[in-house]
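What follows is a short report on a single structure.
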Amino acid sequence: MEMMKAVVYEKPGRANASIKEIPRPVCGDNDVLIKVMACGICKPAESSHDRTGSLLGVYPAVPGHEFSGIAVEVGKNVRHVKVGDRVTADNGVQCGTCHYCQIGLPTMCENFKSQGHNLQGGFAQYVLCKAEKVYAFSDKISFDSACLCELLNCALSCVDNAELKYGDNVAIIGCGSSGSLIAQLIKHSCAGRVVALDLLASKLDRVSKLGIETILVDPNDYDKHENVLKEMFPHGLDVIIDAAGDDGPMVERMMRLLAPRGRFVMYSFFYNEPKTVKVEPGLMIRKGLKITSAPLQMYRFRDCISILEQRKVDPESVISCVYPLDKYFEALDRVMHDAEVLKVIIHPND
């Protein structure tokens with residue numbers, strides 16, 4: 001039995017985690033075995049394993065759902081990928097037979113599985129994927145860039161659900177890795193002006209260099225950024241996207257800055273209290289506003305690869321640093337506790 005190195009949580013919590021040798025997956029007829037060259041740390045997912053456990057987690061668990069690498073074994077029924085191809089993979093796996101799968105809503109699958117949660121993830125030297133979930137990409141894209149496809153897929157769902165119209169004025173709350181990618185996608189869309197808001201000047205500097213207008217938020221005085229927005233957009237914003245997920249009062253106040261028929265897109269989960277947001281029905285009805293979300297989607301990885309190949313987003317703008325697998329927990333601590341850090345990449349075979 002061939003072995004490989006991986007991050008393993010025997011149970012939820014750091015005390016139950018280690019980097020250890022486990023059996024290398026065996027490639028089936030409809031599978032692709034990938035040598036993992038890069039895997040991104042997703043703060044919400046990986047911190048959940050490290051604390052109380054992932055919502056989808058089945059333990060023991062190998063985390064990591066944002067990965068890319070090299071196809072080293074290919075099942076006999078696989079035609080679209082060959083050994084040696086540079087590949088990434090959609091981490092979500094649907095059953096195909098439940099009610100939601102059969103009506104074309106695979107992300108609502110009643111038996112949904114996800115690599116890095118209840119299937120082995122990418123913080124390992126090798127990961128086994130269903131062939132239909134594997135996408136090849138050219139050497140125009142680095143492995144570090146390609147492992148952003150999963151996050152870019154989520155960001156693309158946000159843009160799709162914003163229902164952008166030509167000339168729409170858009171504000172994005174939060175310039176973390178997701179917020180930055182969303183801002184870049186919208187900058188290259190049919191939108192008019194695009195402005196990004198954040199508490200940290202360092203994050204705003206990154207998106208400002210990409211030609212996106214920015215506003216620094218003072219957490220002790222919301223009037224400051226609101227007055228700037230009112231001056232920039234006296235008739236209101238057509239779309240506001242919450243890519244921060246930490247500040248209920250700010251979200252509630254920002255909704256008042258929407259223009260008639262405006263859309264507010266809830267992209268991020270709330271990680272700190274409050275976990276609810278108050279909505280003013282009168283405001284919603286008078287202005288005809290819409291609150292929507294950015295649900296998980298599948299089958300857009302080819303578009304994400306195309307976006308990267310066309311340089312419609314700059315991967316380097318969201319990648320803060322790279323660590324080897326042996327320093328996974330050091331890297332995770334940095335992601336969890338350093339507000340300046342965006343995306344951190346692990347190289348399992350470095």
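Chains: A, B, ... in order of the structure tokens. Residues: from 1 per chain. Ligands: from 1, in order shown.
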Find the spatial neighbours of Val127 (chain A), counting only C-alpha atoms, within a cut-off of 6 Å - ignore same-chain residues fewer than 3 positions away - and output them as a PyMOL selection string.
chain A and resi 33-34+122
Residue selection dump (N, CA, C and O atoms) as a CSV table (one decimal), in the first residue's frame:
chain,number,residue,atom,x,y,z
A,33,LEU,N,-6.6,10.7,-10.4
A,33,LEU,CA,-5.7,10.9,-9.2
A,33,LEU,C,-4.8,12.1,-9.5
A,33,LEU,O,-4.1,12.1,-10.5
A,34,ILE,N,-4.9,13.1,-8.6
A,34,ILE,CA,-4.2,14.3,-8.8
A,34,ILE,C,-3.1,14.4,-7.8
A,34,ILE,O,-3.3,14.3,-6.5
A,122,GLY,N,-7.7,18.5,-0.3
A,122,GLY,CA,-6.4,18.7,-1.0
A,122,GLY,C,-5.2,19.0,-0.1
A,122,GLY,O,-4.1,19.3,-0.7
Just asking: which residues within region 39-252 of chain A are strand (DSSP E or B) according to DSSP, as a PDB file with N, CA, C and O atoms, in the first residue's frame?
ATOM      1  N   CYS A  39      -2.925  24.215  -2.772  1.00  0.00           N
ATOM      2  CA  CYS A  39      -4.254  24.141  -2.158  1.00  0.00           C
ATOM      3  C   CYS A  39      -4.427  25.362  -1.267  1.00  0.00           C
ATOM      4  O   CYS A  39      -3.600  25.632  -0.393  1.00  0.00           O
ATOM      5  N   GLY A  40      -5.503  26.110  -1.504  1.00  0.00           N
ATOM      6  CA  GLY A  40      -5.736  27.340  -0.763  1.00  0.00           C
ATOM      7  C   GLY A  40      -6.451  27.104   0.559  1.00  0.00           C
ATOM      8  O   GLY A  40      -7.311  26.224   0.664  1.00  0.00           O
ATOM      9  N   ALA A  61     -11.110  13.570   8.925  1.00  0.00           N
ATOM     10  CA  ALA A  61     -11.266  14.392   7.728  1.00  0.00           C
ATOM     11  C   ALA A  61      -9.921  14.976   7.302  1.00  0.00           C
ATOM     12  O   ALA A  61      -9.107  15.373   8.141  1.00  0.00           O
ATOM     13  N   GLU A  66      -9.841  23.785  -2.222  1.00  0.00           N
ATOM     14  CA  GLU A  66      -9.401  24.689  -3.299  1.00  0.00           C
ATOM     15  C   GLU A  66      -8.038  24.204  -3.793  1.00  0.00           C
ATOM     16  O   GLU A  66      -7.013  24.662  -3.310  1.00  0.00           O
ATOM     17  N   PHE A  67      -8.010  23.298  -4.755  1.00  0.00           N
ATOM     18  CA  PHE A  67      -6.722  22.697  -5.107  1.00  0.00           C
ATOM     19  C   PHE A  67      -6.505  22.591  -6.613  1.00  0.00           C
ATOM     20  O   PHE A  67      -7.449  22.635  -7.406  1.00  0.00           O
ATOM     21  N   SER A  68      -5.244  22.447  -6.966  1.00  0.00           N
ATOM     22  CA  SER A  68      -4.847  22.191  -8.356  1.00  0.00           C
ATOM     23  C   SER A  68      -3.610  21.303  -8.335  1.00  0.00           C
ATOM     24  O   SER A  68      -2.940  21.180  -7.308  1.00  0.00           O
ATOM     25  N   GLY A  69      -3.327  20.689  -9.476  1.00  0.00           N
ATOM     26  CA  GLY A  69      -2.162  19.824  -9.505  1.00  0.00           C
ATOM     27  C   GLY A  69      -1.984  19.149 -10.851  1.00  0.00           C
ATOM     28  O   GLY A  69      -2.392  19.674 -11.890  1.00  0.00           O
ATOM     29  N   ILE A  70      -1.376  17.960 -10.811  1.00  0.00           N
ATOM     30  CA  ILE A  70      -1.051  17.217 -12.033  1.00  0.00           C
ATOM     31  C   ILE A  70      -1.772  15.872 -12.000  1.00  0.00           C
ATOM     32  O   ILE A  70      -1.734  15.164 -10.991  1.00  0.00           O
ATOM     33  N   ALA A  71      -2.434  15.534 -13.101  1.00  0.00           N
ATOM     34  CA  ALA A  71      -3.087  14.225 -13.202  1.00  0.00           C
ATOM     35  C   ALA A  71      -2.001  13.153 -13.336  1.00  0.00           C
ATOM     36  O   ALA A  71      -1.240  13.149 -14.305  1.00  0.00           O
ATOM     37  N   VAL A  72      -1.907  12.263 -12.335  1.00  0.00           N
ATOM     38  CA  VAL A  72      -0.865  11.230 -12.358  1.00  0.00           C
ATOM     39  C   VAL A  72      -1.429   9.846 -12.686  1.00  0.00           C
ATOM     40  O   VAL A  72      -0.680   8.951 -13.104  1.00  0.00           O
ATOM     41  N   GLU A  73      -2.733   9.663 -12.480  1.00  0.00           N
ATOM     42  CA  GLU A  73      -3.404   8.436 -12.904  1.00  0.00           C
ATOM     43  C   GLU A  73      -4.787   8.802 -13.425  1.00  0.00           C
ATOM     44  O   GLU A  73      -5.459   9.674 -12.868  1.00  0.00           O
ATOM     45  N   VAL A  74      -5.217   8.129 -14.481  1.00  0.00           N
ATOM     46  CA  VAL A  74      -6.509   8.410 -15.110  1.00  0.00           C
ATOM     47  C   VAL A  74      -7.237   7.095 -15.336  1.00  0.00           C
ATOM     48  O   VAL A  74      -6.658   6.138 -15.897  1.00  0.00           O
ATOM     49  N   ARG A  86      -2.278  19.451 -16.403  1.00  0.00           N
ATOM     50  CA  ARG A  86      -2.444  20.361 -15.267  1.00  0.00           C
ATOM     51  C   ARG A  86      -3.951  20.490 -15.027  1.00  0.00           C
ATOM     52  O   ARG A  86      -4.692  20.818 -15.964  1.00  0.00           O
ATOM     53  N   VAL A  87      -4.396  20.230 -13.809  1.00  0.00           N
ATOM     54  CA  VAL A  87      -5.839  20.149 -13.577  1.00  0.00           C
ATOM     55  C   VAL A  87      -6.236  20.810 -12.256  1.00  0.00           C
ATOM     56  O   VAL A  87      -5.440  20.956 -11.332  1.00  0.00           O
ATOM     57  N   THR A  88      -7.508  21.188 -12.194  1.00  0.00           N
ATOM     58  CA  THR A  88      -8.163  21.579 -10.959  1.00  0.00           C
ATOM     59  C   THR A  88      -9.492  20.830 -10.914  1.00  0.00           C
ATOM     60  O   THR A  88      -9.841  20.135 -11.877  1.00  0.00           O
ATOM     61  N   ALA A  89     -10.214  20.939  -9.790  1.00  0.00           N
ATOM     62  CA  ALA A  89     -11.445  20.159  -9.670  1.00  0.00           C
ATOM     63  C   ALA A  89     -12.486  20.891  -8.847  1.00  0.00           C
ATOM     64  O   ALA A  89     -12.168  21.585  -7.881  1.00  0.00           O
ATOM     65  N   GLY A  92     -17.457  19.915  -5.088  1.00  0.00           N
ATOM     66  CA  GLY A  92     -18.794  19.432  -4.768  1.00  0.00           C
ATOM     67  C   GLY A  92     -19.166  18.205  -5.582  1.00  0.00           C
ATOM     68  O   GLY A  92     -18.926  18.155  -6.796  1.00  0.00           O
ATOM     69  N   VAL A  93     -19.737  17.197  -4.924  1.00  0.00           N
ATOM     70  CA  VAL A  93     -20.140  15.960  -5.605  1.00  0.00           C
ATOM     71  C   VAL A  93     -21.600  15.671  -5.262  1.00  0.00           C
ATOM     72  O   VAL A  93     -21.945  15.476  -4.093  1.00  0.00           O
ATOM     73  N   LYS A 113     -21.915  15.809  -1.168  1.00  0.00           N
ATOM     74  CA  LYS A 113     -20.599  15.560  -0.586  1.00  0.00           C
ATOM     75  C   LYS A 113     -19.621  16.617  -1.084  1.00  0.00           C
ATOM     76  O   LYS A 113     -19.805  17.183  -2.160  1.00  0.00           O
ATOM     77  N   SER A 114     -18.616  16.871  -0.279  1.00  0.00           N
ATOM     78  CA  SER A 114     -17.643  17.892  -0.638  1.00  0.00           C
ATOM     79  C   SER A 114     -16.254  17.466  -0.205  1.00  0.00           C
ATOM     80  O   SER A 114     -16.046  17.069   0.950  1.00  0.00           O
ATOM     81  N   GLN A 115     -15.318  17.548  -1.139  1.00  0.00           N
ATOM     82  CA  GLN A 115     -13.937  17.248  -0.784  1.00  0.00           C
ATOM     83  C   GLN A 115     -13.438  18.309   0.196  1.00  0.00           C
ATOM     84  O   GLN A 115     -13.713  19.495   0.060  1.00  0.00           O
ATOM     85  N   LEU A 119     -15.427  14.208   2.108  1.00  0.00           N
ATOM     86  CA  LEU A 119     -14.550  13.454   1.217  1.00  0.00           C
ATOM     87  C   LEU A 119     -13.136  13.993   1.413  1.00  0.00           C
ATOM     88  O   LEU A 119     -12.963  15.163   1.781  1.00  0.00           O
ATOM     89  N   ALA A 124      -3.121  17.335   1.130  1.00  0.00           N
ATOM     90  CA  ALA A 124      -2.491  16.021   1.063  1.00  0.00           C
ATOM     91  C   ALA A 124      -1.660  15.989  -0.214  1.00  0.00           C
ATOM     92  O   ALA A 124      -1.848  16.806  -1.113  1.00  0.00           O
ATOM     93  N   TYR A 126      -1.765  13.758  -2.505  1.00  0.00           N
ATOM     94  CA  TYR A 126      -2.592  13.300  -3.624  1.00  0.00           C
ATOM     95  C   TYR A 126      -4.060  13.392  -3.228  1.00  0.00           C
ATOM     96  O   TYR A 126      -4.413  13.241  -2.055  1.00  0.00           O
ATOM     97  N   VAL A 127      -4.916  13.618  -4.219  1.00  0.00           N
ATOM     98  CA  VAL A 127      -6.356  13.628  -3.980  1.00  0.00           C
ATOM     99  C   VAL A 127      -7.043  12.943  -5.160  1.00  0.00           C
ATOM    100  O   VAL A 127      -6.627  13.100  -6.317  1.00  0.00           O
ATOM    101  N   LEU A 128      -8.071  12.155  -4.847  1.00  0.00           N
ATOM    102  CA  LEU A 128      -8.809  11.426  -5.884  1.00  0.00           C
ATOM    103  C   LEU A 128     -10.102  12.157  -6.188  1.00  0.00           C
ATOM    104  O   LEU A 128     -10.859  12.509  -5.278  1.00  0.00           O
ATOM    105  N   CYS A 129     -10.387  12.376  -7.479  1.00  0.00           N
ATOM    106  CA  CYS A 129     -11.581  13.119  -7.884  1.00  0.00           C
ATOM    107  C   CYS A 129     -12.377  12.332  -8.934  1.00  0.00           C
ATOM    108  O   CYS A 129     -11.799  11.624  -9.766  1.00  0.00           O
ATOM    109  N   LYS A 130     -13.694  12.525  -8.903  1.00  0.00           N
ATOM    110  CA  LYS A 130     -14.534  12.014  -9.974  1.00  0.00           C
ATOM    111  C   LYS A 130     -14.143  12.726 -11.268  1.00  0.00           C
ATOM    112  O   LYS A 130     -13.977  13.951 -11.297  1.00  0.00           O
ATOM    113  N   VAL A 134     -13.228  17.175 -12.922  1.00  0.00           N
ATOM    114  CA  VAL A 134     -11.840  17.571 -13.172  1.00  0.00           C
ATOM    115  C   VAL A 134     -11.745  18.392 -14.453  1.00  0.00           C
ATOM    116  O   VAL A 134     -12.317  18.026 -15.482  1.00  0.00           O
ATOM    117  N   TYR A 135     -11.006  19.494 -14.378  1.00  0.00           N
ATOM    118  CA  TYR A 135     -10.859  20.421 -15.507  1.00  0.00           C
ATOM    119  C   TYR A 135      -9.372  20.657 -15.780  1.00  0.00           C
ATOM    120  O   TYR A 135      -8.619  21.014 -14.866  1.00  0.00           O
ATOM    121  N   ALA A 136      -8.972  20.481 -17.032  1.00  0.00           N
ATOM    122  CA  ALA A 136      -7.584  20.734 -17.416  1.00  0.00           C
ATOM    123  C   ALA A 136      -7.402  22.209 -17.759  1.00  0.00           C
ATOM    124  O   ALA A 136      -8.322  22.870 -18.235  1.00  0.00           O
ATOM    125  N   PHE A 137      -6.203  22.718 -17.498  1.00  0.00           N
ATOM    126  CA  PHE A 137      -5.889  24.103 -17.859  1.00  0.00           C
ATOM    127  C   PHE A 137      -4.471  24.167 -18.436  1.00  0.00           C
ATOM    128  O   PHE A 137      -3.665  23.254 -18.242  1.00  0.00           O
ATOM    129  N   VAL A 170     -21.972  50.074  -8.478  1.00  0.00           N
ATOM    130  CA  VAL A 170     -21.862  48.941  -7.555  1.00  0.00           C
ATOM    131  C   VAL A 170     -20.887  49.260  -6.430  1.00  0.00           C
ATOM    132  O   VAL A 170     -19.802  49.807  -6.664  1.00  0.00           O
ATOM    133  N   ALA A 171     -21.265  48.889  -5.211  1.00  0.00           N
ATOM    134  CA  ALA A 171     -20.368  48.969  -4.061  1.00  0.00           C
ATOM    135  C   ALA A 171     -20.175  47.581  -3.474  1.00  0.00           C
ATOM    136  O   ALA A 171     -21.137  46.824  -3.334  1.00  0.00           O
ATOM    137  N   ILE A 172     -18.933  47.252  -3.136  1.00  0.00           N
ATOM    138  CA  ILE A 172     -18.613  45.968  -2.504  1.00  0.00           C
ATOM    139  C   ILE A 172     -18.097  46.251  -1.102  1.00  0.00           C
ATOM    140  O   ILE A 172     -17.120  46.995  -0.933  1.00  0.00           O
ATOM    141  N   ILE A 173     -18.746  45.663  -0.091  1.00  0.00           N
ATOM    142  CA  ILE A 173     -18.311  45.799   1.292  1.00  0.00           C
ATOM    143  C   ILE A 173     -17.342  44.671   1.593  1.00  0.00           C
ATOM    144  O   ILE A 173     -17.708  43.501   1.574  1.00  0.00           O
ATOM    145  N   VAL A 194     -17.475  51.300  -9.949  1.00  0.00           N
ATOM    146  CA  VAL A 194     -17.324  50.236  -8.963  1.00  0.00           C
ATOM    147  C   VAL A 194     -16.479  50.780  -7.824  1.00  0.00           C
ATOM    148  O   VAL A 194     -15.383  51.307  -8.051  1.00  0.00           O
ATOM    149  N   VAL A 195     -16.988  50.651  -6.594  1.00  0.00           N
ATOM    150  CA  VAL A 195     -16.256  51.142  -5.437  1.00  0.00           C
ATOM    151  C   VAL A 195     -16.202  50.046  -4.379  1.00  0.00           C
ATOM    152  O   VAL A 195     -17.170  49.310  -4.181  1.00  0.00           O
ATOM    153  N   ALA A 196     -15.051  49.910  -3.723  1.00  0.00           N
ATOM    154  CA  ALA A 196     -14.862  48.891  -2.691  1.00  0.00           C
ATOM    155  C   ALA A 196     -14.625  49.564  -1.349  1.00  0.00           C
ATOM    156  O   ALA A 196     -13.935  50.588  -1.266  1.00  0.00           O
ATOM    157  N   LEU A 197     -15.189  48.979  -0.290  1.00  0.00           N
ATOM    158  CA  LEU A 197     -15.062  49.520   1.056  1.00  0.00           C
ATOM    159  C   LEU A 197     -14.410  48.491   1.976  1.00  0.00           C
ATOM    160  O   LEU A 197     -14.673  47.302   1.859  1.00  0.00           O
ATOM    161  N   ASP A 198     -13.567  48.977   2.896  1.00  0.00           N
ATOM    162  CA  ASP A 198     -12.958  48.084   3.872  1.00  0.00           C
ATOM    163  C   ASP A 198     -12.448  48.898   5.056  1.00  0.00           C
ATOM    164  O   ASP A 198     -12.250  50.113   4.952  1.00  0.00           O
ATOM    165  N   GLU A 213     -12.124  52.111  -7.487  1.00  0.00           N
ATOM    166  CA  GLU A 213     -12.251  53.161  -6.481  1.00  0.00           C
ATOM    167  C   GLU A 213     -12.448  52.545  -5.101  1.00  0.00           C
ATOM    168  O   GLU A 213     -13.069  51.485  -4.956  1.00  0.00           O
ATOM    169  N   THR A 214     -11.924  53.208  -4.074  1.00  0.00           N
ATOM    170  CA  THR A 214     -11.995  52.663  -2.721  1.00  0.00           C
ATOM    171  C   THR A 214     -12.421  53.717  -1.701  1.00  0.00           C
ATOM    172  O   THR A 214     -12.226  54.916  -1.909  1.00  0.00           O
ATOM    173  N   ILE A 215     -13.004  53.222  -0.599  1.00  0.00           N
ATOM    174  CA  ILE A 215     -13.387  54.079   0.523  1.00  0.00           C
ATOM    175  C   ILE A 215     -13.003  53.357   1.815  1.00  0.00           C
ATOM    176  O   ILE A 215     -13.370  52.197   2.021  1.00  0.00           O
ATOM    177  N   LEU A 216     -12.281  54.052   2.692  1.00  0.00           N
ATOM    178  CA  LEU A 216     -11.899  53.497   3.982  1.00  0.00           C
ATOM    179  C   LEU A 216     -13.057  53.679   4.959  1.00  0.00           C
ATOM    180  O   LEU A 216     -13.610  54.773   5.083  1.00  0.00           O
ATOM    181  N   LEU A 237     -27.090  53.665  -5.090  1.00  0.00           N
ATOM    182  CA  LEU A 237     -26.341  52.580  -5.714  1.00  0.00           C
ATOM    183  C   LEU A 237     -27.308  51.530  -6.270  1.00  0.00           C
ATOM    184  O   LEU A 237     -28.307  51.207  -5.639  1.00  0.00           O
ATOM    185  N   ASP A 238     -26.977  51.016  -7.433  1.00  0.00           N
ATOM    186  CA  ASP A 238     -27.836  49.990  -8.040  1.00  0.00           C
ATOM    187  C   ASP A 238     -27.623  48.621  -7.402  1.00  0.00           C
ATOM    188  O   ASP A 238     -28.562  47.836  -7.291  1.00  0.00           O
ATOM    189  N   VAL A 239     -26.386  48.353  -6.997  1.00  0.00           N
ATOM    190  CA  VAL A 239     -26.066  47.064  -6.378  1.00  0.00           C
ATOM    191  C   VAL A 239     -25.103  47.296  -5.222  1.00  0.00           C
ATOM    192  O   VAL A 239     -24.118  48.041  -5.359  1.00  0.00           O
ATOM    193  N   ILE A 240     -25.388  46.659  -4.089  1.00  0.00           N
ATOM    194  CA  ILE A 240     -24.454  46.613  -2.969  1.00  0.00           C
ATOM    195  C   ILE A 240     -24.232  45.147  -2.631  1.00  0.00           C
ATOM    196  O   ILE A 240     -25.181  44.370  -2.512  1.00  0.00           O
ATOM    197  N   ILE A 241     -22.968  44.763  -2.482  1.00  0.00           N
ATOM    198  CA  ILE A 241     -22.611  43.374  -2.186  1.00  0.00           C
ATOM    199  C   ILE A 241     -21.898  43.322  -0.845  1.00  0.00           C
ATOM    200  O   ILE A 241     -20.916  44.045  -0.625  1.00  0.00           O
ATOM    201  N   ASP A 242     -22.400  42.487   0.060  1.00  0.00           N
ATOM    202  CA  ASP A 242     -21.732  42.290   1.339  1.00  0.00           C
ATOM    203  C   ASP A 242     -20.779  41.107   1.221  1.00  0.00           C
ATOM    204  O   ASP A 242     -21.189  39.953   1.225  1.00  0.00           O
TER     205      ASP A 242
END
Give me, as a short mmCIF file (atom, residue, chain, number, x, y, z; two decimals) with all heavy atoms, in the first residue's frame, all polymer residues having an atom no more than 12 Å from Gly104 (chain A), counting only C-alpha atoms and skipping those fewer than 3 positions away in the same chain.
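Okay, this is what ended up in part-v8.cif:
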data_model
loop_
_atom_site.label_atom_id
_atom_site.label_comp_id
_atom_site.auth_asym_id
_atom_site.auth_seq_id
_atom_site.Cartn_x
_atom_site.Cartn_y
_atom_site.Cartn_z
N GLN A 94 -22.45 15.67 -6.27
CA GLN A 94 -23.87 15.41 -6.08
C GLN A 94 -24.19 13.96 -6.39
O GLN A 94 -23.47 13.30 -7.13
CB GLN A 94 -24.72 16.34 -6.93
CG GLN A 94 -24.72 16.05 -8.41
CD GLN A 94 -23.54 16.65 -9.15
OE1 GLN A 94 -22.49 16.93 -8.59
NE2 GLN A 94 -23.72 16.84 -10.46
N CYS A 95 -25.31 13.45 -5.84
CA CYS A 95 -25.65 12.04 -6.05
C CYS A 95 -26.23 11.77 -7.43
O CYS A 95 -26.10 10.69 -7.99
CB CYS A 95 -26.61 11.55 -4.96
SG CYS A 95 -28.29 12.21 -5.10
N GLY A 96 -26.95 12.76 -8.00
CA GLY A 96 -27.53 12.62 -9.34
C GLY A 96 -28.91 12.00 -9.37
O GLY A 96 -29.56 12.00 -10.43
N THR A 97 -29.39 11.47 -8.24
CA THR A 97 -30.67 10.76 -8.25
C THR A 97 -31.71 11.31 -7.29
O THR A 97 -32.88 10.91 -7.37
CB THR A 97 -30.45 9.27 -7.92
OG1 THR A 97 -29.82 9.16 -6.64
CG2 THR A 97 -29.57 8.59 -8.97
N CYS A 98 -31.35 12.19 -6.38
CA CYS A 98 -32.33 12.72 -5.44
C CYS A 98 -33.25 13.72 -6.15
O CYS A 98 -33.05 14.08 -7.32
CB CYS A 98 -31.63 13.39 -4.25
SG CYS A 98 -30.87 14.98 -4.62
N HIS A 99 -34.26 14.19 -5.45
CA HIS A 99 -35.25 15.11 -6.02
C HIS A 99 -34.58 16.34 -6.64
O HIS A 99 -34.88 16.72 -7.78
CB HIS A 99 -36.23 15.54 -4.92
CG HIS A 99 -37.14 16.66 -5.33
ND1 HIS A 99 -38.22 16.46 -6.17
CD2 HIS A 99 -37.14 17.99 -5.03
CE1 HIS A 99 -38.84 17.62 -6.38
NE2 HIS A 99 -38.21 18.56 -5.69
N TYR A 100 -33.67 16.97 -5.91
CA TYR A 100 -33.08 18.22 -6.39
C TYR A 100 -32.13 17.99 -7.56
O TYR A 100 -32.08 18.81 -8.50
CB TYR A 100 -32.38 18.94 -5.25
CG TYR A 100 -33.37 19.43 -4.21
CD1 TYR A 100 -33.44 18.84 -2.96
CD2 TYR A 100 -34.26 20.47 -4.50
CE1 TYR A 100 -34.37 19.26 -2.01
CE2 TYR A 100 -35.19 20.90 -3.57
CZ TYR A 100 -35.24 20.30 -2.33
OH TYR A 100 -36.16 20.72 -1.41
N CYS A 101 -31.38 16.91 -7.52
CA CYS A 101 -30.52 16.60 -8.67
C CYS A 101 -31.35 16.39 -9.93
O CYS A 101 -30.99 16.84 -11.02
CB CYS A 101 -29.69 15.35 -8.38
SG CYS A 101 -28.31 15.61 -7.24
N THR A 107 -26.67 21.58 -6.56
CA THR A 107 -26.06 22.12 -5.34
C THR A 107 -26.98 21.97 -4.12
O THR A 107 -26.54 22.16 -2.99
CB THR A 107 -25.70 23.61 -5.50
OG1 THR A 107 -26.87 24.36 -5.83
CG2 THR A 107 -24.66 23.80 -6.59
N MET A 108 -28.25 21.63 -4.35
CA MET A 108 -29.18 21.37 -3.25
C MET A 108 -29.32 19.87 -2.99
O MET A 108 -30.21 19.44 -2.26
CB MET A 108 -30.55 21.96 -3.59
CG MET A 108 -30.53 23.45 -3.86
SD MET A 108 -29.96 24.37 -2.41
CE MET A 108 -29.62 25.98 -3.15
N CYS A 109 -28.43 19.09 -3.58
CA CYS A 109 -28.47 17.63 -3.46
C CYS A 109 -28.68 17.19 -2.01
O CYS A 109 -28.01 17.67 -1.09
CB CYS A 109 -27.16 17.06 -4.00
SG CYS A 109 -26.96 15.29 -3.75
N GLN A 297 -22.71 27.15 -6.77
CA GLN A 297 -23.08 26.73 -8.11
C GLN A 297 -22.05 25.73 -8.63
O GLN A 297 -20.93 25.66 -8.14
CB GLN A 297 -23.19 27.92 -9.06
CG GLN A 297 -21.89 28.67 -9.29
CD GLN A 297 -22.06 29.83 -10.26
OE1 GLN A 297 -23.10 30.00 -10.88
NE2 GLN A 297 -21.04 30.64 -10.40
N MET A 298 -22.44 24.96 -9.63
CA MET A 298 -21.56 23.99 -10.27
C MET A 298 -21.44 24.29 -11.75
O MET A 298 -22.19 25.10 -12.29
CB MET A 298 -22.08 22.56 -10.06
CG MET A 298 -22.02 22.07 -8.62
SD MET A 298 -22.59 20.36 -8.48
CE MET A 298 -22.41 20.09 -6.73
N TYR A 299 -20.49 23.63 -12.37
CA TYR A 299 -20.32 23.66 -13.82
C TYR A 299 -19.90 25.03 -14.35
O TYR A 299 -20.21 25.38 -15.49
CB TYR A 299 -21.59 23.17 -14.53
CG TYR A 299 -22.06 21.83 -14.01
CD1 TYR A 299 -23.28 21.70 -13.36
CD2 TYR A 299 -21.25 20.70 -14.15
CE1 TYR A 299 -23.70 20.47 -12.86
CE2 TYR A 299 -21.66 19.47 -13.64
CZ TYR A 299 -22.87 19.36 -13.01
OH TYR A 299 -23.28 18.14 -12.50
#
Mind listing the alpha helix (DSSP H) residues of region 201-263 of chain A, per DSSP on the backbone, as a PyMOL selection string?
chain A and resi 201-208+222-232+248-255
Excluding region 314-326 of chain A and residues on its chain fewer than 3 positions from it, collect all residues at most 6 Å away from it, counting only C-alpha atoms, and give them as an MDAnalysis selection string.
chainID A and resid 145 177 341:348 350
